[in-house]
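Q: Sharing work_33.tsv, TSV, C-alpha atoms:
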chain	number	residue	atom	x	y	z
A	1	MET	CA	7.05	21.94	-6.20
A	2	THR	CA	4.50	21.48	-8.99
A	3	THR	CA	3.71	24.28	-11.42
A	4	ASP	CA	0.31	25.17	-12.88
A	5	ILE	CA	0.28	25.50	-16.69
A	6	GLN	CA	-2.41	27.27	-18.67
A	7	ILE	CA	-3.84	25.35	-21.65
A	8	SER	CA	-5.64	27.52	-24.18
A	9	ASN	CA	-7.37	24.71	-26.11
A	10	PRO	CA	-9.89	22.89	-23.85
A	11	ALA	CA	-10.65	20.39	-26.64
A	12	GLU	CA	-7.23	18.87	-25.98
A	13	VAL	CA	-8.32	17.96	-22.46
A	14	PHE	CA	-12.11	17.49	-22.42
A	15	ARG	CA	-12.64	15.13	-25.34
A	16	PRO	CA	-15.85	13.09	-25.81
A	17	GLY	CA	-15.78	10.01	-23.60
A	18	THR	CA	-13.36	11.53	-21.09
A	19	SER	CA	-14.15	10.84	-17.44
A	20	VAL	CA	-14.47	14.04	-15.44
A	21	SER	CA	-15.89	15.32	-12.18
A	22	ILE	CA	-17.93	18.41	-11.38
A	23	GLU	CA	-18.05	20.25	-8.09
A	24	TYR	CA	-20.23	23.14	-6.95
A	25	THR	CA	-21.81	24.70	-3.89
A	26	ASP	CA	-25.57	24.20	-3.60
A	27	GLY	CA	-28.13	26.66	-2.25
A	28	ALA	CA	-27.57	25.42	1.30
A	29	GLY	CA	-23.84	26.12	1.08
A	30	LYS	CA	-22.91	22.42	0.87
A	31	ILE	CA	-20.22	21.32	-1.56
A	32	ARG	CA	-21.50	18.75	-4.06
A	33	ALA	CA	-19.17	16.58	-6.16
A	34	TYR	CA	-20.12	14.06	-8.85
A	35	ASN	CA	-18.34	11.86	-11.37
A	36	THR	CA	-19.52	11.99	-14.97
A	37	TYR	CA	-18.12	12.07	-18.52
A	38	VAL	CA	-17.94	14.32	-21.56
A	39	HIS	CA	-20.72	13.38	-23.97
A	40	ASP	CA	-19.81	15.88	-26.67
A	41	ALA	CA	-17.39	18.75	-27.21
A	42	ARG	CA	-18.64	21.57	-29.41
A	43	PRO	CA	-16.99	24.85	-30.38
A	44	ASP	CA	-19.45	26.81	-28.24
A	45	ALA	CA	-20.07	24.38	-25.37
A	46	LEU	CA	-19.25	21.12	-23.63
A	47	VAL	CA	-22.02	18.57	-23.17
A	48	LEU	CA	-21.73	16.38	-20.09
A	49	ALA	CA	-23.80	13.42	-18.95
A	50	LEU	CA	-25.96	14.86	-16.16
A	51	PRO	CA	-25.07	13.09	-12.89
A	52	THR	CA	-28.03	11.48	-11.11
A	53	GLU	CA	-28.99	10.60	-7.57
A	54	SER	CA	-31.49	7.74	-7.16
A	55	GLY	CA	-32.23	8.02	-10.86
A	56	ILE	CA	-32.98	11.75	-10.72
A	57	GLY	CA	-30.70	14.36	-12.31
A	58	VAL	CA	-28.86	16.53	-9.81
A	59	GLY	CA	-30.26	20.00	-9.38
A	60	VAL	CA	-28.04	22.47	-11.16
A	61	GLU	CA	-29.46	25.71	-12.52
A	62	PRO	CA	-28.53	27.82	-15.56
A	63	GLY	CA	-25.90	30.35	-14.59
A	64	GLN	CA	-24.41	28.15	-11.88
A	65	GLU	CA	-20.62	27.93	-11.87
A	66	LEU	CA	-19.03	24.48	-11.80
A	67	ASP	CA	-15.50	23.34	-11.09
A	68	LEU	CA	-14.71	20.86	-13.88
A	69	ARG	CA	-11.84	18.44	-13.34
A	70	ARG	CA	-10.05	15.62	-15.08
A	71	ALA	CA	-7.15	13.59	-13.75
A	72	ASP	CA	-4.95	10.83	-15.12
A	73	ASP	CA	-1.69	9.19	-14.10
A	74	GLN	CA	0.43	12.11	-15.27
A	75	GLU	CA	-1.54	15.35	-14.96
A	76	ALA	CA	-4.52	16.91	-13.22
A	77	TYR	CA	-6.67	19.44	-15.09
A	78	ARG	CA	-9.10	22.03	-13.74
A	79	ALA	CA	-11.39	24.60	-15.33
A	80	LYS	CA	-14.34	26.82	-14.46
A	81	VAL	CA	-17.51	26.42	-16.53
A	82	CYS	CA	-21.04	27.81	-16.34
A	83	VAL	CA	-24.27	25.79	-16.64
A	84	LEU	CA	-26.20	26.74	-19.80
A	85	GLU	CA	-29.05	24.22	-19.73
A	86	ALA	CA	-30.14	20.73	-18.73
A	87	ILE	CA	-31.23	18.58	-21.68
A	88	PRO	CA	-33.84	15.86	-20.95
A	89	GLY	CA	-33.38	12.46	-22.53
A	90	GLN	CA	-31.64	9.15	-22.09
A	91	PRO	CA	-29.13	9.88	-20.81
A	92	PRO	CA	-30.01	13.35	-19.50
A	93	LEU	CA	-27.35	15.84	-20.50
A	94	LEU	CA	-25.91	19.07	-19.19
A	95	ARG	CA	-24.66	21.77	-21.54
A	96	VAL	CA	-21.97	24.00	-20.04
A	97	SER	CA	-19.82	26.80	-21.37
A	98	THR	CA	-16.50	26.00	-22.98
A	99	PRO	CA	-13.76	27.08	-20.54
A	100	ASP	CA	-11.57	29.94	-21.67
A	101	MET	CA	-8.50	28.36	-20.08
A	102	VAL	CA	-7.61	25.08	-18.42
A	103	GLU	CA	-5.08	24.76	-15.61
A	104	MET	CA	-2.81	21.73	-15.81
A	105	ARG	CA	-0.72	20.59	-12.88
A	106	PRO	CA	1.85	17.83	-13.54
A	107	ARG	CA	1.40	15.12	-10.96
A	108	ARG	CA	4.53	14.21	-9.11
A	109	ARG	CA	5.20	10.50	-8.81
A	110	PHE	CA	6.28	9.11	-5.46
A	111	PHE	CA	7.65	5.95	-3.97
A	112	ARG	CA	5.51	4.58	-1.19
A	113	VAL	CA	6.37	2.90	2.08
A	114	ASP	CA	4.47	0.65	4.47
A	115	VAL	CA	3.15	2.36	7.60
A	116	ASP	CA	0.61	1.67	10.33
A	117	ILE	CA	-1.15	4.93	11.15
A	118	PRO	CA	-4.74	5.30	12.42
A	119	PHE	CA	-7.11	7.59	10.51
A	120	THR	CA	-10.67	8.84	10.92
A	121	THR	CA	-13.30	9.91	8.41
A	122	GLY	CA	-16.89	10.92	9.08
A	123	GLY	CA	-17.00	9.22	12.46
A	124	GLN	CA	-15.44	6.02	11.06
A	125	HIS	CA	-11.88	4.91	11.68
A	126	GLY	CA	-9.28	2.59	10.20
A	127	ARG	CA	-5.59	2.22	9.46
A	128	ILE	CA	-3.29	3.67	6.81
A	129	LEU	CA	-1.24	0.71	5.51
A	130	ASN	CA	1.04	2.53	3.11
A	131	MET	CA	1.72	6.10	2.15
A	132	SER	CA	3.30	8.26	-0.52
A	133	GLY	CA	3.30	11.94	-1.32
A	134	SER	CA	0.30	11.44	-3.62
A	135	GLY	CA	-1.92	8.93	-1.87
A	136	LEU	CA	-2.67	6.31	0.77
A	137	LEU	CA	-3.78	2.71	1.12
A	138	LEU	CA	-6.59	2.57	3.67
A	139	ALA	CA	-8.07	-0.39	5.54
A	140	ALA	CA	-11.31	-0.16	7.49
A	141	SER	CA	-14.51	-1.99	8.43
A	142	GLN	CA	-16.68	0.20	6.19
A	143	ILE	CA	-17.05	-0.40	2.46
A	144	PHE	CA	-15.30	2.05	0.13
A	145	VAL	CA	-16.82	3.10	-3.20
A	146	GLU	CA	-14.62	3.77	-6.21
A	147	GLY	CA	-14.86	7.39	-7.32
A	148	SER	CA	-16.13	8.62	-3.94
A	149	ARG	CA	-14.51	11.56	-2.20
A	150	PHE	CA	-14.12	12.26	1.50
A	151	LYS	CA	-11.71	13.73	4.04
A	152	VAL	CA	-9.30	11.71	6.13
A	153	ALA	CA	-7.65	12.93	9.32
A	154	PHE	CA	-4.46	11.46	10.75
A	155	VAL	CA	-1.34	12.36	12.69
A	156	LEU	CA	2.15	11.41	11.57
A	157	PRO	CA	4.19	9.61	14.24
A	158	ASP	CA	6.86	12.33	14.18
A	159	SER	CA	4.37	15.18	14.60
A	160	ALA	CA	1.57	16.29	16.93
A	161	GLU	CA	-0.20	18.26	14.19
A	162	LYS	CA	-3.27	16.66	12.65
A	163	ILE	CA	-3.43	16.42	8.86
A	164	VAL	CA	-6.86	16.65	7.25
A	165	ALA	CA	-6.78	15.81	3.55
A	166	ARG	CA	-9.39	15.42	0.84
A	167	VAL	CA	-9.01	12.17	-1.10
A	168	LYS	CA	-10.61	10.30	-3.99
A	169	VAL	CA	-10.94	6.50	-4.11
A	170	LEU	CA	-9.23	5.10	-7.22
A	171	ARG	CA	-9.41	1.42	-6.30
A	172	ALA	CA	-11.51	-0.47	-3.75
A	173	LEU	CA	-11.64	-4.13	-2.76
A	174	SER	CA	-12.76	-6.29	0.13
A	175	LYS	CA	-11.24	-9.37	1.71
A	176	ARG	CA	-13.36	-11.12	4.30
A	177	LYS	CA	-14.51	-8.38	6.65
A	178	VAL	CA	-11.76	-5.86	5.84
A	179	HIS	CA	-12.26	-3.26	3.13
A	180	TYR	CA	-9.38	-1.54	1.35
A	181	ALA	CA	-9.11	1.64	-0.71
A	182	GLY	CA	-6.27	3.12	-2.73
A	183	VAL	CA	-6.87	6.87	-2.58
A	184	VAL	CA	-5.16	9.91	-4.07
A	185	PHE	CA	-4.97	13.35	-2.52
A	186	GLU	CA	-6.89	16.22	-4.09
A	187	ASP	CA	-5.80	19.86	-3.73
A	188	LEU	CA	-3.19	18.95	-1.13
A	189	GLU	CA	-1.21	21.93	0.11
A	190	HIS	CA	2.43	21.87	-0.94
A	191	ALA	CA	3.59	22.24	2.68
A	192	VAL	CA	1.55	19.20	3.74
A	193	GLN	CA	2.76	17.17	0.77
A	194	ASP	CA	6.36	18.03	1.64
A	195	ARG	CA	5.76	16.79	5.21
A	196	LEU	CA	4.42	13.49	3.88
A	197	VAL	CA	7.36	13.07	1.50
A	198	LYS	CA	9.79	13.76	4.36
A	199	HIS	CA	8.03	11.19	6.56
A	200	VAL	CA	8.20	8.56	3.79
A	201	PHE	CA	11.91	9.28	3.27
A	202	ASP	CA	12.64	9.10	7.01
A	203	ARG	CA	10.67	5.87	7.26
A	204	GLN	CA	12.68	4.37	4.40
A	205	ARG	CA	15.95	5.29	6.12
A	206	GLU	CA	14.75	3.78	9.39
A	207	LEU	CA	13.79	0.48	7.73
A	208	ALA	CA	17.05	0.43	5.77
A	209	LYS	CA	19.10	0.76	8.97
A	210	ARG	CA	17.21	-2.20	10.45
A	211	GLY	CA	17.66	-4.23	7.27
A	212	LEU	CA	13.88	-4.34	6.74
A	213	LEU	CA	13.52	-2.13	3.70
A	214	VAL	CA	12.19	-3.93	0.66
A	215	ARG	CA	12.81	-1.92	-2.50
A	216	ASP	CA	9.35	-1.46	-3.99
A	217	PRO	CA	9.54	-0.27	-7.61
A	218	ARG	CA	5.81	0.48	-7.66
A	219	LEU	CA	4.72	4.08	-7.75
A	220	PHE	CA	1.50	5.24	-6.18
Would you mind writing the file out in structure tokens?
A:
Amino acid sequence: MTTDIQISNPAEVFRPGTSVSIEYTDGAGKIRAYNTYVHDARPDALVLALPTESGIGVGVEPGQELDLRRADDQEAYRAKVCVLEAIPGQPPLLRVSTPDMVEMRPRRRFFRVDVDIPFTTGGQHGRILNMSGSGLLLAASQIFVEGSRFKVAFVLPDSAEKIVARVKVLRALSKRKVHYAGVVFEDLEHAVQDRLVKHVFDRQRELAKRGLLVRDPRLF
């Protein structure tokens, strides 16, 4: 099980140039998530590049609370910040409060195994080609966009219970008419992650017994 660690110096995490994401609930109750980066880190505030939609800055208001996140290969960081002001210009900027504390969760690293499991997302469907406790390789007819977030639903072969997980696209590519995405889970419940790890382990044992297991040193 992973353990959350409190980091008291946000400057260690949210340095200028660092890629981050913001998430908030708009006035209609819809969750909005955008990728951006840290433009400047000051003692009294963080300055982010204001995300845009169709060339227009997203509508965030002073006083609005944002969920600020950063992830890399080893750790995932999360903090709460408050919008102070939007700053016009090129690029438009967003000044937010400096977080008092940052939560850091070490990211477990997992071996992956080939599978063939159907999934659905937003009315679309495809196949999961490989799986680990931290992510999936998806194949579908729709184009995937790097950095995008969505939910995938699937059922493990050894279970009747549907898993619905929020994922982020790290890598996307297309070959002919098939589109692929390497995605990582976000905020996955420990119990669900444990089920996935168990399935991967059981799948490895099954392939090993049949002499079909290829030792893959890659980690997802």
Q: Using only C-alpha atoms, can you tell me which of A:Glu85, A:Leu196, A:Val58, A:Gln124 comes closest to Leu136 (chain A)?
A: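 Going through A:Glu85, A:Leu196, A:Val58, A:Gln124 one by one, the smallest distance to Leu136 (chain A) is for A:Leu196.
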Q: Could you tell me how far CA of Ile143 (chain A) lies from CA of Asp116 (chain A), in Å and to one decimal?
A: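 For CA of Ile143 (chain A) relative to CA of Asp116 (chain A), the distance reads 19.4 Å.
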Q: Residues at most 12 Å from region 175-177 of chain A, counting all atoms listed in the file, excluding those fewer than 3 positions away in the same chain, as a count of residues only?
A: 8
Q: For CA of Asp114 (chain A) and CA of His179 (chain A), quote the distance in Å rounded to one decimal.
A: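 CA of Asp114 (chain A) sits 17.2 Å away from CA of His179 (chain A).
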Q: Taking (0.9, 13.6, 7.5) in the file's coordinates as the center, which residues reach within 8 Å of it, counting only C-alpha atoms, put as a list in words?
A: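 Counting only C-alpha atoms, I find these residues within 8 Å of (0.9, 13.6, 7.5): Phe154, Val155, Leu156, Lys162, Ile163, Val192, Gln193, Arg195, Leu196 and His199 of chain A.
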Q: Return the single residue from A:Glu103, A:Asp44, A:Asp158, A:Glu146 that is closest to Arg171 (chain A), with distances computed using all atoms listed in the file.
A: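 Ranking A:Glu103, A:Asp44, A:Asp158, A:Glu146 by distance to Arg171 (chain A), first place goes to A:Glu146.
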Q: Tell me which protein, DNA and RNA residues are within 7 Å of region 31-41 of chain A, counting all atoms listed in the file, leaving out same-chain ones fewer than 2 positions away, and put them as an NGL selection string.
A: :A and (11 or 14-26 or 29 or 43 or 45-49 or 51 or 147)
Q: For a cutoff of 12 Å around the file-coordinate point (-31.9, 18.2, -22.8), which residues qualify once you count only C-alpha atoms? I'd like the result as a count of residues only.
A: 18
Q: Would you mind telling me which residue in A:Gln204, A:Ser54, A:Asn9, A:Ser148 lies nearest to Thr98 (chain A) when using all atoms listed in the file?
A: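 Going through A:Gln204, A:Ser54, A:Asn9, A:Ser148 one by one, the smallest distance to Thr98 (chain A) is for A:Asn9.
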Q: Quick check, in Å to one decimal: how far apart do CA of Lys30 (chain A) and CA of Ala191 (chain A) lie?
A: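 For CA of Lys30 (chain A) relative to CA of Ala191 (chain A), the distance reads 26.6 Å.
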Q: Which of these residues is nearest to Pro99 (chain A), using only C-alpha atoms: A:Phe185, A:Phe119, A:Tyr77, A:Arg205?
A: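 Looking at the shortest contact to Pro99 (chain A), the residue is A:Tyr77.
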Q: Let me know the centre plus edge lengths, in Å and rounded to one decimal, of a box with edges along x, y and z that contains all listed atoms of region 24-35 of chain A and is padded by 6 Å on every side, as JSON.
A:
{"center_x": -23.2, "center_y": 19.3, "center_z": -5.0, "size_x": 21.8, "size_y": 26.8, "size_z": 24.7}
Q: If you count only C-alpha atoms, which residues fall within 12 Å of Glu189 (chain A), apart from same-chain ones fewer than 5 positions away, as a tab-separated table (two decimals) with C-alpha atoms, in the coordinates of the input?
A:
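Full text of selection-v2.tsv as output:
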chain	number	residue	atom	x	y	z
A	1	MET	CA	7.05	21.94	-6.20
A	2	THR	CA	4.50	21.48	-8.99
A	133	GLY	CA	3.30	11.94	-1.32
A	134	SER	CA	0.30	11.44	-3.62
A	163	ILE	CA	-3.43	16.42	8.86
A	164	VAL	CA	-6.86	16.65	7.25
A	165	ALA	CA	-6.78	15.81	3.55
A	166	ARG	CA	-9.39	15.42	0.84
A	194	ASP	CA	6.36	18.03	1.64
A	195	ARG	CA	5.76	16.79	5.21
A	196	LEU	CA	4.42	13.49	3.88
Q: Nearest to Leu138 (chain A): which of A:Ser159, A:Lys209, A:Val60, A:Lys168 is it, counting all atoms listed in the file?
A: A:Lys168
Q: Fewer than 6 positions away in the same chain doesn't count, so skip those; otherwise give me all residues within 9 Å of Thr120 (chain A), counting all atoms listed in the file, as a short mmCIF file (atom, residue, chain, number, x, y, z; two decimals) with C-alpha atoms, keeping the file's coordinate frame.
A:
data_model
loop_
_atom_site.label_atom_id
_atom_site.label_comp_id
_atom_site.auth_asym_id
_atom_site.auth_seq_id
_atom_site.Cartn_x
_atom_site.Cartn_y
_atom_site.Cartn_z
CA GLY A 126 -9.28 2.59 10.20
CA ARG A 127 -5.59 2.22 9.46
CA LYS A 151 -11.71 13.73 4.04
CA VAL A 152 -9.30 11.71 6.13
CA ALA A 153 -7.65 12.93 9.32
CA PHE A 154 -4.46 11.46 10.75
#
